[in-house]
file input_27.pdb (PDB, C-alpha atoms)
ATOM      1  CA  MET L 172      79.968 103.141  98.345
ATOM      2  CA  TYR L 173      76.585 102.737  96.659
ATOM      3  CA  ALA L 174      75.795  99.012  96.526
ATOM      4  CA  ALA L 175      76.437  97.863  92.949
ATOM      5  CA  ILE L 176      78.350  94.945  91.477
ATOM      6  CA  LEU L 177      78.937  93.186  88.168
ATOM      7  CA  GLY L 178      78.216  89.524  87.680
ATOM      8  CA  LYS L 179      77.187  86.631  85.484
ATOM      9  CA  LYS L 180      73.883  84.758  85.384
ATOM     10  CA  ILE L 181      74.448  81.114  86.307
ATOM     11  CA  GLY L 182      70.880  79.826  86.025
ATOM     12  CA  MET L 183      67.756  79.185  88.095
ATOM     13  CA  THR L 184      67.043  76.873  90.993
ATOM     14  CA  ARG L 185      64.886  76.929  94.093
ATOM     15  CA  VAL L 186      65.384  77.281  97.815
ATOM     16  CA  PHE L 187      63.050  76.675 100.729
ATOM     17  CA  ASP L 188      62.026  79.353 103.196
ATOM     18  CA  GLU L 189      61.453  78.908 106.915
ATOM     19  CA  ALA L 190      57.842  77.876 106.323
ATOM     20  CA  GLY L 191      58.908  75.153 103.891
ATOM     21  CA  GLY L 192      57.690  77.008 100.807
ATOM     22  CA  SER L 193      59.564  76.725  97.512
ATOM     23  CA  VAL L 194      61.104  80.014  96.316
ATOM     24  CA  PRO L 195      62.326  80.227  92.679
ATOM     25  CA  VAL L 196      65.659  82.043  92.539
ATOM     26  CA  THR L 197      68.198  83.076  89.938
ATOM     27  CA  VAL L 198      71.817  82.447  90.880
ATOM     28  CA  VAL L 199      74.192  85.278  89.956
ATOM     29  CA  GLN L 200      77.949  84.982  90.350
ATOM     30  CA  ALA L 201      78.756  88.523  91.475
ATOM     31  CA  GLY L 202      82.333  89.680  91.733
ATOM     32  CA  PRO L 203      84.963  89.959  92.878
ATOM     33  CA  CYS L 204      85.178  93.186  90.877
ATOM     34  CA  PRO L 205      88.396  95.233  90.876
ATOM     35  CA  VAL L 206      88.039  99.013  90.811
ATOM     36  CA  LEU L 207      89.723 100.021  87.553
ATOM     37  CA  GLN L 208      89.117 103.766  87.733
ATOM     38  CA  VAL L 209      87.679 106.381  90.077
ATOM     39  CA  LYS L 210      86.152 109.511  88.566
ATOM     40  CA  THR L 211      85.575 112.687  90.543
ATOM     41  CA  LYS L 212      83.608 115.842  89.965
ATOM     42  CA  ASP L 213      86.766 117.939  89.961
ATOM     43  CA  SER L 214      88.572 115.999  87.243
ATOM     44  CA  ASN L 215      85.723 114.434  85.257
ATOM     45  CA  GLY L 216      82.645 116.505  86.073
ATOM     46  CA  TYR L 217      80.834 113.689  87.908
ATOM     47  CA  GLU L 218      81.346 110.997  90.510
ATOM     48  CA  ALA L 219      81.717 107.378  89.372
ATOM     49  CA  VAL L 220      83.689 104.173  89.762
ATOM     50  CA  GLN L 221      84.600 101.800  86.962
ATOM     51  CA  LEU L 222      84.349  98.116  87.834
ATOM     52  CA  GLY L 223      85.556  95.050  85.965
ATOM     53  CA  PHE L 224      84.492  91.430  86.123
ATOM     54  CA  GLN L 225      86.094  88.164  85.024
ATOM     55  CA  ALA L 226      89.692  88.294  83.874
ATOM     56  CA  ALA L 227      90.303  87.969  80.128
ATOM     57  CA  LYS L 228      93.266  86.524  78.285
ATOM     58  CA  PRO L 229      95.705  89.279  77.267
ATOM     59  CA  SER L 230      95.792  87.765  73.771
ATOM     60  CA  ARG L 231      92.088  88.541  73.413
ATOM     61  CA  THR L 232      92.303  92.138  74.561
ATOM     62  CA  THR L 233      94.011  95.283  73.346
ATOM     63  CA  ARG L 234      97.122  97.013  74.666
ATOM     64  CA  PRO L 235      95.139 100.031  75.917
ATOM     65  CA  GLU L 236      92.882  97.673  77.909
ATOM     66  CA  ILE L 237      95.895  95.859  79.358
ATOM     67  CA  GLY L 238      97.558  99.140  80.333
ATOM     68  CA  HIS L 239      94.348 100.501  81.840
ATOM     69  CA  ALA L 240      93.910  97.398  84.026
ATOM     70  CA  ARG L 241      97.591  97.409  85.010
ATOM     71  CA  LYS L 242      97.096 100.723  86.822
ATOM     72  CA  ALA L 243      94.811  98.841  89.200
ATOM     73  CA  ASN L 244      97.199  95.875  89.456
ATOM     74  CA  ALA L 245      94.573  93.737  87.735
ATOM     75  CA  ALA L 246      94.268  91.646  84.607
ATOM     76  CA  PRO L 247      92.201  92.973  81.681
ATOM     77  CA  GLN L 248      88.524  92.309  82.300
ATOM     78  CA  LYS L 249      85.851  90.804  80.050
ATOM     79  CA  PHE L 250      83.016  92.953  81.411
ATOM     80  CA  VAL L 251      83.595  96.585  82.380
ATOM     81  CA  ARG L 252      80.928  99.036  83.491
ATOM     82  CA  GLU L 253      80.829 102.457  85.115
ATOM     83  CA  ILE L 254      78.700 103.010  88.215
ATOM     84  CA  ARG L 255      77.485 106.591  88.574
ATOM     85  CA  LEU L 256      77.479 108.010  92.103
ATOM     86  CA  THR L 257      75.953 111.066  93.744
ATOM     87  CA  THR L 258      78.655 111.406  96.411
ATOM     88  CA  PRO L 259      82.405 110.703  96.411
ATOM     89  CA  THR L 260      83.273 107.055  96.898
ATOM     90  CA  ASP L 261      85.431 105.561  99.615
ATOM     91  CA  LYS L 262      86.981 103.128  97.110
ATOM     92  CA  ASN L 263      90.385 103.571  95.515
ATOM     93  CA  ILE L 264      91.904 102.196  92.334
ATOM     94  CA  GLY L 265      92.883  98.592  92.950
ATOM     95  CA  ASP L 266      90.259  97.910  95.625
ATOM     96  CA  VAL L 267      87.974  94.913  95.151
ATOM     97  CA  VAL L 268      84.183  94.985  95.470
ATOM     98  CA  THR L 269      82.517  91.758  96.639
ATOM     99  CA  VAL L 270      79.025  90.609  97.610
ATOM    100  CA  SER L 271      79.888  91.493 101.214
ATOM    101  CA  LEU L 272      78.967  95.081 100.297
ATOM    102  CA  PHE L 273      75.297  94.059 100.006
ATOM    103  CA  GLU L 274      75.396  92.267 103.355
ATOM    104  CA  GLU L 275      77.092  95.161 105.132
ATOM    105  CA  GLN L 276      74.417  97.584 103.928
ATOM    106  CA  GLY L 277      71.569  95.177 104.662
ATOM    107  CA  ILE L 278      70.212  95.207 101.111
ATOM    108  CA  LYS L 279      66.873  93.380 100.738
ATOM    109  CA  PHE L 280      65.830  94.336  97.210
ATOM    110  CA  VAL L 281      67.876  94.848  94.056
ATOM    111  CA  ASP L 282      67.547  96.088  90.472
ATOM    112  CA  VAL L 283      69.196  93.939  87.803
ATOM    113  CA  VAL L 284      70.253  95.172  84.359
ATOM    114  CA  GLY L 285      71.025  92.701  81.582
ATOM    115  CA  THR L 286      70.679  92.041  77.860
ATOM    116  CA  SER L 287      67.620  90.019  76.898
ATOM    117  CA  ILE L 288      67.901  86.844  74.839
ATOM    118  CA  GLY L 289      68.058  87.622  71.121
ATOM    119  CA  LYS L 290      65.337  85.951  69.046
ATOM    120  CA  GLY L 291      66.346  87.197  65.621
ATOM    121  CA  PHE L 292      64.006  88.658  62.997
ATOM    122  CA  GLN L 293      60.389  87.936  63.949
ATOM    123  CA  GLY L 294      56.974  88.701  62.531
ATOM    124  CA  VAL L 295      54.250  90.769  64.120
ATOM    125  CA  MET L 296      52.427  87.811  65.690
ATOM    126  CA  LYS L 297      55.395  86.801  67.842
ATOM    127  CA  ARG L 298      56.929  90.246  68.253
ATOM    128  CA  HIS L 299      53.772  92.279  68.987
ATOM    129  CA  HIS L 300      51.173  89.575  69.714
ATOM    130  CA  PHE L 301      49.027  90.363  66.681
ATOM    131  CA  SER L 302      46.154  87.937  66.136
ATOM    132  CA  GLY L 303      46.879  87.452  62.425
ATOM    133  CA  GLN L 304      44.495  87.321  59.479
ATOM    134  CA  PRO L 305      41.294  85.245  59.350
ATOM    135  CA  ALA L 306      41.885  81.557  58.643
ATOM    136  CA  SER L 307      38.716  81.301  56.552
ATOM    137  CA  HIS L 308      38.177  81.178  52.772
ATOM    138  CA  GLY L 309      39.577  84.121  50.891
ATOM    139  CA  THR L 310      42.747  84.609  52.957
ATOM    140  CA  GLU L 311      45.513  83.365  50.704
ATOM    141  CA  ARG L 312      48.890  82.604  52.306
ATOM    142  CA  LYS L 313      48.801  85.732  54.473
ATOM    143  CA  HIS L 314      47.550  84.326  57.763
ATOM    144  CA  ARG L 315      50.478  85.652  59.814
ATOM    145  CA  SER L 316      50.956  88.980  58.024
ATOM    146  CA  ALA L 317      50.410  92.399  59.561
ATOM    147  CA  GLY L 318      47.726  93.438  57.094
ATOM    148  CA  GLY L 319      47.380  97.001  55.809
ATOM    149  CA  ILE L 320      49.946  99.449  57.160
ATOM    150  CA  GLY L 321      48.985 102.666  55.371
ATOM    151  CA  ALA L 322      45.590 103.776  56.666
ATOM    152  CA  GLY L 323      46.013 107.430  55.767
ATOM    153  CA  GLY L 324      49.485 107.671  57.277
ATOM    154  CA  ASN L 325      48.205 106.129  60.518
ATOM    155  CA  ARG L 326      45.424 108.701  60.857
ATOM    156  CA  GLY L 327      47.824 111.535  60.310
ATOM    157  CA  TRP L 328      46.533 111.849  56.723
ATOM    158  CA  GLY L 329      50.075 112.227  55.489
ATOM    159  CA  ARG L 330      52.100 110.259  52.969
ATOM    160  CA  CYS L 331      54.424 108.610  55.494
ATOM    161  CA  ILE L 332      53.822 106.008  58.164
ATOM    162  CA  LYS L 333      54.328 107.378  61.646
ATOM    163  CA  LYS L 334      57.440 106.503  63.594
ATOM    164  CA  GLY L 335      56.901 103.625  65.990
ATOM    165  CA  LYS L 336      54.531 101.637  63.789
ATOM    166  CA  ARG L 337      54.537  98.018  64.963
ATOM    167  CA  MET L 338      56.169  96.006  62.225
ATOM    168  CA  PRO L 339      58.276  92.837  61.825
ATOM    169  CA  GLY L 340      61.871  93.252  62.937
ATOM    170  CA  GLN L 341      64.634  92.324  65.338
ATOM    171  CA  MET L 342      63.311  90.903  68.606
ATOM    172  CA  GLY L 343      65.245  90.702  71.864
ATOM    173  CA  SER L 344      68.911  91.482  72.449
ATOM    174  CA  GLU L 345      67.949  94.705  74.252
ATOM    175  CA  ARG L 346      68.917  96.286  77.547
ATOM    176  CA  VAL L 347      66.361  95.208  80.151
ATOM    177  CA  THR L 348      66.006  96.269  83.784
ATOM    178  CA  VAL L 349      64.003  94.268  86.317
ATOM    179  CA  ARG L 350      63.259  96.221  89.462
ATOM    180  CA  ASN L 351      62.640  95.425  93.108
ATOM    181  CA  GLN L 352      63.668  91.773  93.019
ATOM    182  CA  ARG L 353      64.028  90.294  96.491
ATOM    183  CA  LEU L 354      67.560  89.328  97.478
ATOM    184  CA  VAL L 355      66.953  85.945  99.104
ATOM    185  CA  SER L 356      70.488  84.971 100.107
ATOM    186  CA  ILE L 357      74.155  85.964  99.862
ATOM    187  CA  ASP L 358      76.932  83.380  99.663
ATOM    188  CA  LYS L 359      80.162  85.237 100.475
ATOM    189  CA  ASP L 360      82.360  82.158 100.184
ATOM    190  CA  ARG L 361      81.345  81.458  96.570
ATOM    191  CA  ASN L 362      80.500  85.051  95.555
ATOM    192  CA  LEU L 363      76.868  84.245  94.806
ATOM    193  CA  LEU L 364      73.643  86.261  94.981
ATOM    194  CA  LEU L 365      70.318  84.406  95.059
ATOM    195  CA  ILE L 366      67.648  86.685  93.605
ATOM    196  CA  LYS L 367      63.974  85.759  93.630
ATOM    197  CA  GLY L 368      62.408  85.643  90.187
ATOM    198  CA  VAL L 369      63.730  86.109  86.683
ATOM    199  CA  VAL L 370      66.904  87.926  85.657
ATOM    200  CA  PRO L 371      67.183  89.070  82.006
ATOM    201  CA  GLY L 372      69.548  87.353  79.621
ATOM    202  CA  PRO L 373      70.745  83.823  78.882
ATOM    203  CA  ARG L 374      72.791  81.605  81.164
ATOM    204  CA  GLY L 375      76.309  82.981  81.196
ATOM    205  CA  GLY L 376      75.136  86.505  80.304
ATOM    206  CA  PHE L 377      76.659  89.483  82.122
ATOM    207  CA  VAL L 378      74.478  91.568  84.429
ATOM    208  CA  VAL L 379      74.774  94.579  86.727
ATOM    209  CA  VAL L 380      73.145  94.326  90.160
ATOM    210  CA  TYR L 381      72.215  97.554  91.971
ATOM    211  CA  LYS L 382      70.580  98.358  95.240
ATOM    212  CA  ALA L 383      66.892  98.910  94.442
ATOM    213  CA  LYS L 384      66.168 102.590  93.879
ATOM    214  CA  THR L 385      62.545 102.523  95.066
ATOM    215  CA  ARG L 386      62.744  99.976  97.905
ATOM    216  CA  GLY L 387      65.069  99.458 100.832
TER     217      GLY L 387
END
call {"tool": "encode", "arguments": {"input": "input_27.pdb", "output": "structure tokens"}}
result
Amino acid sequence: MYAAILGKKIGMTRVFDEAGGSVPVTVVQAGPCPVLQVKTKDSNGYEAVQLGFQAAKPSRTTRPEIGHARKANAAPQKFVREIRLTTPTDKNIGDVVTVSLFEEQGIKFVDVVGTSIGKGFQGVMKRHHFSGQPASHGTERKHRSAGGIGAGGNRGWGRCIKKGKRMPGQMGSERVTVRNQRLVSIDKDRNLLLIKGVVPGPRGGFVVVYKAKTRG
């Protein structure tokens, strides 16, 4: 099976390499993930496996979710994602995916997908790094504003502002992918992945860890 697993960001720490250098790493609790569903090209039009992570209380889930998980002899899961595949998988419903999959395939680099930390509604200076208005005489209580936004329809000479104009708005809470992060260590006993660098999202946020697409 293609190396992919669901997990939860625990936080950051550091480890020391053989030369004694300090390596900043993000600790991800990855798996165990039960296989809830297997999709095939014949029945669904594409190849995929559906994984779950972290059992949820039945009282906080729905009956369809409970019944779906029961087919795999598993509890309903808090985090469920589908992993697309290019070839048929060797996994069956009810199998469990663990971090051992990354060790067996000798994975050195991974891609991590998560949801960035939400920062609420922000102005253009924080959201788009605008420099703001002059702080000299004549600028009256508009130092952090965006300034004029018309400008001939953004040089289109139309009546409307073009789509994509940088304006104040919601910042963060978006799907983010960091690529080619080095997989420093695998702890099979505690189901942990130690990934060099930053992983998107807050502590306790769910992530999906894939084998890096552009590096071995």
call {"tool": "resolve_selection", "arguments": {"input": "input_27.pdb", "expression": "the PyMOL selection byres ((chain L and resi 253-260) around 12)", "output": "short mmCIF file (atom, residue, chain, number, x, y, z; two decimals) with C-alpha atoms, keeping the file's coordinate frame"}}
result
data_model
loop_
_atom_site.label_atom_id
_atom_site.label_comp_id
_atom_site.auth_asym_id
_atom_site.auth_seq_id
_atom_site.Cartn_x
_atom_site.Cartn_y
_atom_site.Cartn_z
CA MET L 172 79.97 103.14 98.34
CA TYR L 173 76.58 102.74 96.66
CA ALA L 174 75.80 99.01 96.53
CA ALA L 175 76.44 97.86 92.95
CA ILE L 176 78.35 94.94 91.48
CA LEU L 177 78.94 93.19 88.17
CA CYS L 204 85.18 93.19 90.88
CA PRO L 205 88.40 95.23 90.88
CA VAL L 206 88.04 99.01 90.81
CA LEU L 207 89.72 100.02 87.55
CA GLN L 208 89.12 103.77 87.73
CA VAL L 209 87.68 106.38 90.08
CA LYS L 210 86.15 109.51 88.57
CA THR L 211 85.58 112.69 90.54
CA LYS L 212 83.61 115.84 89.96
CA ASP L 213 86.77 117.94 89.96
CA ASN L 215 85.72 114.43 85.26
CA GLY L 216 82.64 116.50 86.07
CA TYR L 217 80.83 113.69 87.91
CA GLU L 218 81.35 111.00 90.51
CA ALA L 219 81.72 107.38 89.37
CA VAL L 220 83.69 104.17 89.76
CA GLN L 221 84.60 101.80 86.96
CA LEU L 222 84.35 98.12 87.83
CA GLY L 223 85.56 95.05 85.96
CA PHE L 224 84.49 91.43 86.12
CA PHE L 250 83.02 92.95 81.41
CA VAL L 251 83.60 96.58 82.38
CA ARG L 252 80.93 99.04 83.49
CA ASP L 261 85.43 105.56 99.62
CA LYS L 262 86.98 103.13 97.11
CA ASN L 263 90.38 103.57 95.52
CA ILE L 264 91.90 102.20 92.33
CA ASP L 266 90.26 97.91 95.62
CA VAL L 379 74.77 94.58 86.73
CA VAL L 380 73.14 94.33 90.16
CA TYR L 381 72.22 97.55 91.97
CA LYS L 382 70.58 98.36 95.24
#
call {"tool": "atom_distance", "arguments": {"input": "input_27.pdb", "atom1": "atom CA of L:Lys249", "atom2": "atom CA of L:Thr233"}}
result
11.5 Å
call {"tool": "atom_distance", "arguments": {"input": "input_27.pdb", "atom1": "atom CA of L:His314", "atom2": "atom CA of L:Phe301"}}
result
10.9 Å
call {"tool": "residues_near_point", "arguments": {"input": "input_27.pdb", "point": "(94.5, 94.5, 94.3)", "cutoff": "8 Å", "atoms": "all atoms listed in the file", "output": "PyMOL selection string"}}
result
chain L and resi 205+243-245+265-267
call {"tool": "write_last_selection", "arguments": {"input": "input_27.pdb", "atoms": "C-alpha atoms", "output": "PDB file, in the frame of the given file"}}
result
ATOM      1  CA  PRO L 205      88.396  95.233  90.876  1.00  0.00           C
ATOM      2  CA  ALA L 243      94.811  98.841  89.200  1.00  0.00           C
ATOM      3  CA  ASN L 244      97.199  95.875  89.456  1.00  0.00           C
ATOM      4  CA  ALA L 245      94.573  93.737  87.735  1.00  0.00           C
ATOM      5  CA  GLY L 265      92.883  98.592  92.950  1.00  0.00           C
ATOM      6  CA  ASP L 266      90.259  97.910  95.625  1.00  0.00           C
ATOM      7  CA  VAL L 267      87.974  94.913  95.151  1.00  0.00           C
TER       8      VAL L 267
END
call {"tool": "atom_distance", "arguments": {"input": "input_27.pdb", "atom1": "atom CA of L:Pro195", "atom2": "atom CA of L:Ile366"}}
result
8.4 Å
call {"tool": "residues_near_point", "arguments": {"input": "input_27.pdb", "point": "(83.2, 92.5, 99.7)", "cutoff": "10 Å", "atoms": "only C-alpha atoms", "output": "short mmCIF file (atom, residue, chain, number, x, y, z; two decimals) with C-alpha atoms, in the frame of the given file"}}
result
data_model
loop_
_atom_site.label_atom_id
_atom_site.label_comp_id
_atom_site.auth_asym_id
_atom_site.auth_seq_id
_atom_site.Cartn_x
_atom_site.Cartn_y
_atom_site.Cartn_z
CA ILE L 176 78.35 94.94 91.48
CA GLY L 202 82.33 89.68 91.73
CA PRO L 203 84.96 89.96 92.88
CA CYS L 204 85.18 93.19 90.88
CA ASP L 266 90.26 97.91 95.62
CA VAL L 267 87.97 94.91 95.15
CA VAL L 268 84.18 94.98 95.47
CA THR L 269 82.52 91.76 96.64
CA VAL L 270 79.03 90.61 97.61
CA SER L 271 79.89 91.49 101.21
CA LEU L 272 78.97 95.08 100.30
CA PHE L 273 75.30 94.06 100.01
CA GLU L 274 75.40 92.27 103.36
CA GLU L 275 77.09 95.16 105.13
CA LYS L 359 80.16 85.24 100.48
CA ASN L 362 80.50 85.05 95.56
#
call {"tool": "residues_around", "arguments": {"input": "input_27.pdb", "residues": "stretch 298-300 of chain L", "least_positions_apart": "6", "cutoff": "8 Å", "atoms": "all atoms listed in the file", "output": "PDB file with C-alpha atoms, in the frame of the given file"}}
result
ATOM      1  CA  ARG L 337      54.537  98.018  64.963  1.00  0.00           C
ATOM      2  CA  PRO L 339      58.276  92.837  61.825  1.00  0.00           C
ATOM      3  CA  GLY L 340      61.871  93.252  62.937  1.00  0.00           C
ATOM      4  CA  MET L 342      63.311  90.903  68.606  1.00  0.00           C
TER       5      MET L 342
END
call {"tool": "resolve_selection", "arguments": {"input": "input_27.pdb", "expression": "the PyMOL selection byres ((chain L and resi 356) around 10)", "output": "ChimeraX atom specification"}}
result
/L:186,196,198,274,279,353-355,357-359,363-367
call {"tool": "write_last_selection", "arguments": {"input": "input_27.pdb", "atoms": "C-alpha atoms", "output": "CSV table (one decimal), keeping the file's coordinate frame"}}
result
chain,number,residue,atom,x,y,z
L,186,VAL,CA,65.4,77.3,97.8
L,196,VAL,CA,65.7,82.0,92.5
L,198,VAL,CA,71.8,82.4,90.9
L,274,GLU,CA,75.4,92.3,103.4
L,279,LYS,CA,66.9,93.4,100.7
L,353,ARG,CA,64.0,90.3,96.5
L,354,LEU,CA,67.6,89.3,97.5
L,355,VAL,CA,67.0,85.9,99.1
L,357,ILE,CA,74.2,86.0,99.9
L,358,ASP,CA,76.9,83.4,99.7
L,359,LYS,CA,80.2,85.2,100.5
L,363,LEU,CA,76.9,84.2,94.8
L,364,LEU,CA,73.6,86.3,95.0
L,365,LEU,CA,70.3,84.4,95.1
L,366,ILE,CA,67.6,86.7,93.6
L,367,LYS,CA,64.0,85.8,93.6
call {"tool": "residues_around", "arguments": {"input": "input_27.pdb", "residues": "L:Pro247", "least_positions_apart": "2", "cutoff": "6 Å", "atoms": "all atoms listed in the file", "output": "list in words"}}
result
Ala226, Ala227, Ile237 and Ala240 of chain L
call {"tool": "residues_around", "arguments": {"input": "input_27.pdb", "residues": "L:Met338", "least_positions_apart": "5", "cutoff": "12 Å", "atoms": "only C-alpha atoms", "output": "PDB file with C-alpha atoms, keeping the file's coordinate frame"}}
result
ATOM      1  CA  PHE L 292      64.006  88.658  62.997  1.00  0.00           C
ATOM      2  CA  GLN L 293      60.389  87.936  63.949  1.00  0.00           C
ATOM      3  CA  GLY L 294      56.974  88.701  62.531  1.00  0.00           C
ATOM      4  CA  VAL L 295      54.250  90.769  64.120  1.00  0.00           C
ATOM      5  CA  MET L 296      52.427  87.811  65.690  1.00  0.00           C
ATOM      6  CA  LYS L 297      55.395  86.801  67.842  1.00  0.00           C
ATOM      7  CA  ARG L 298      56.929  90.246  68.253  1.00  0.00           C
ATOM      8  CA  HIS L 299      53.772  92.279  68.987  1.00  0.00           C
ATOM      9  CA  HIS L 300      51.173  89.575  69.714  1.00  0.00           C
ATOM     10  CA  PHE L 301      49.027  90.363  66.681  1.00  0.00           C
ATOM     11  CA  SER L 316      50.956  88.980  58.024  1.00  0.00           C
ATOM     12  CA  ALA L 317      50.410  92.399  59.561  1.00  0.00           C
ATOM     13  CA  GLY L 318      47.726  93.438  57.094  1.00  0.00           C
ATOM     14  CA  GLY L 319      47.380  97.001  55.809  1.00  0.00           C
ATOM     15  CA  ILE L 320      49.946  99.449  57.160  1.00  0.00           C
ATOM     16  CA  GLY L 321      48.985 102.666  55.371  1.00  0.00           C
ATOM     17  CA  ILE L 332      53.822 106.008  58.164  1.00  0.00           C
ATOM     18  CA  LYS L 333      54.328 107.378  61.646  1.00  0.00           C
TER      19      LYS L 333
END
call {"tool": "axis_aligned_box", "arguments": {"input": "input_27.pdb", "around": "stretch 356-368 of chain L", "padding_each_side": "8 Å", "output": "JSON"}}
result
{"center_x": 72.4, "center_y": 84.1, "center_z": 95.3, "size_x": 36.0, "size_y": 21.2, "size_z": 26.3}
call {"tool": "closest_residue", "arguments": {"input": "input_27.pdb", "among": "L:Ile278, L:Val199, L:Val378, L:Val283", "to": "L:Met183", "atoms": "all atoms listed in the file"}}
result
L:Val199
call {"tool": "closest_residue", "arguments": {"input": "input_27.pdb", "among": "L:Arg374, L:Arg361, L:Lys228, L:Arg350", "to": "L:Lys179", "atoms": "all atoms listed in the file"}}
result
L:Arg374
call {"tool": "resolve_selection", "arguments": {"input": "input_27.pdb", "expression": "the PyMOL selection byres ((chain L and resi 304) around 7)", "output": "list in words"}}
result
Ser302, Gly303, Pro305, Ala306, Lys313, His314, Arg315 and Ser316 of chain L
call {"tool": "write_last_selection", "arguments": {"input": "input_27.pdb", "atoms": "C-alpha atoms", "output": "CSV table (one decimal), in the frame of the given file"}}
result
chain,number,residue,atom,x,y,z
L,302,SER,CA,46.2,87.9,66.1
L,303,GLY,CA,46.9,87.5,62.4
L,305,PRO,CA,41.3,85.2,59.4
L,306,ALA,CA,41.9,81.6,58.6
L,313,LYS,CA,48.8,85.7,54.5
L,314,HIS,CA,47.6,84.3,57.8
L,315,ARG,CA,50.5,85.7,59.8
L,316,SER,CA,51.0,89.0,58.0
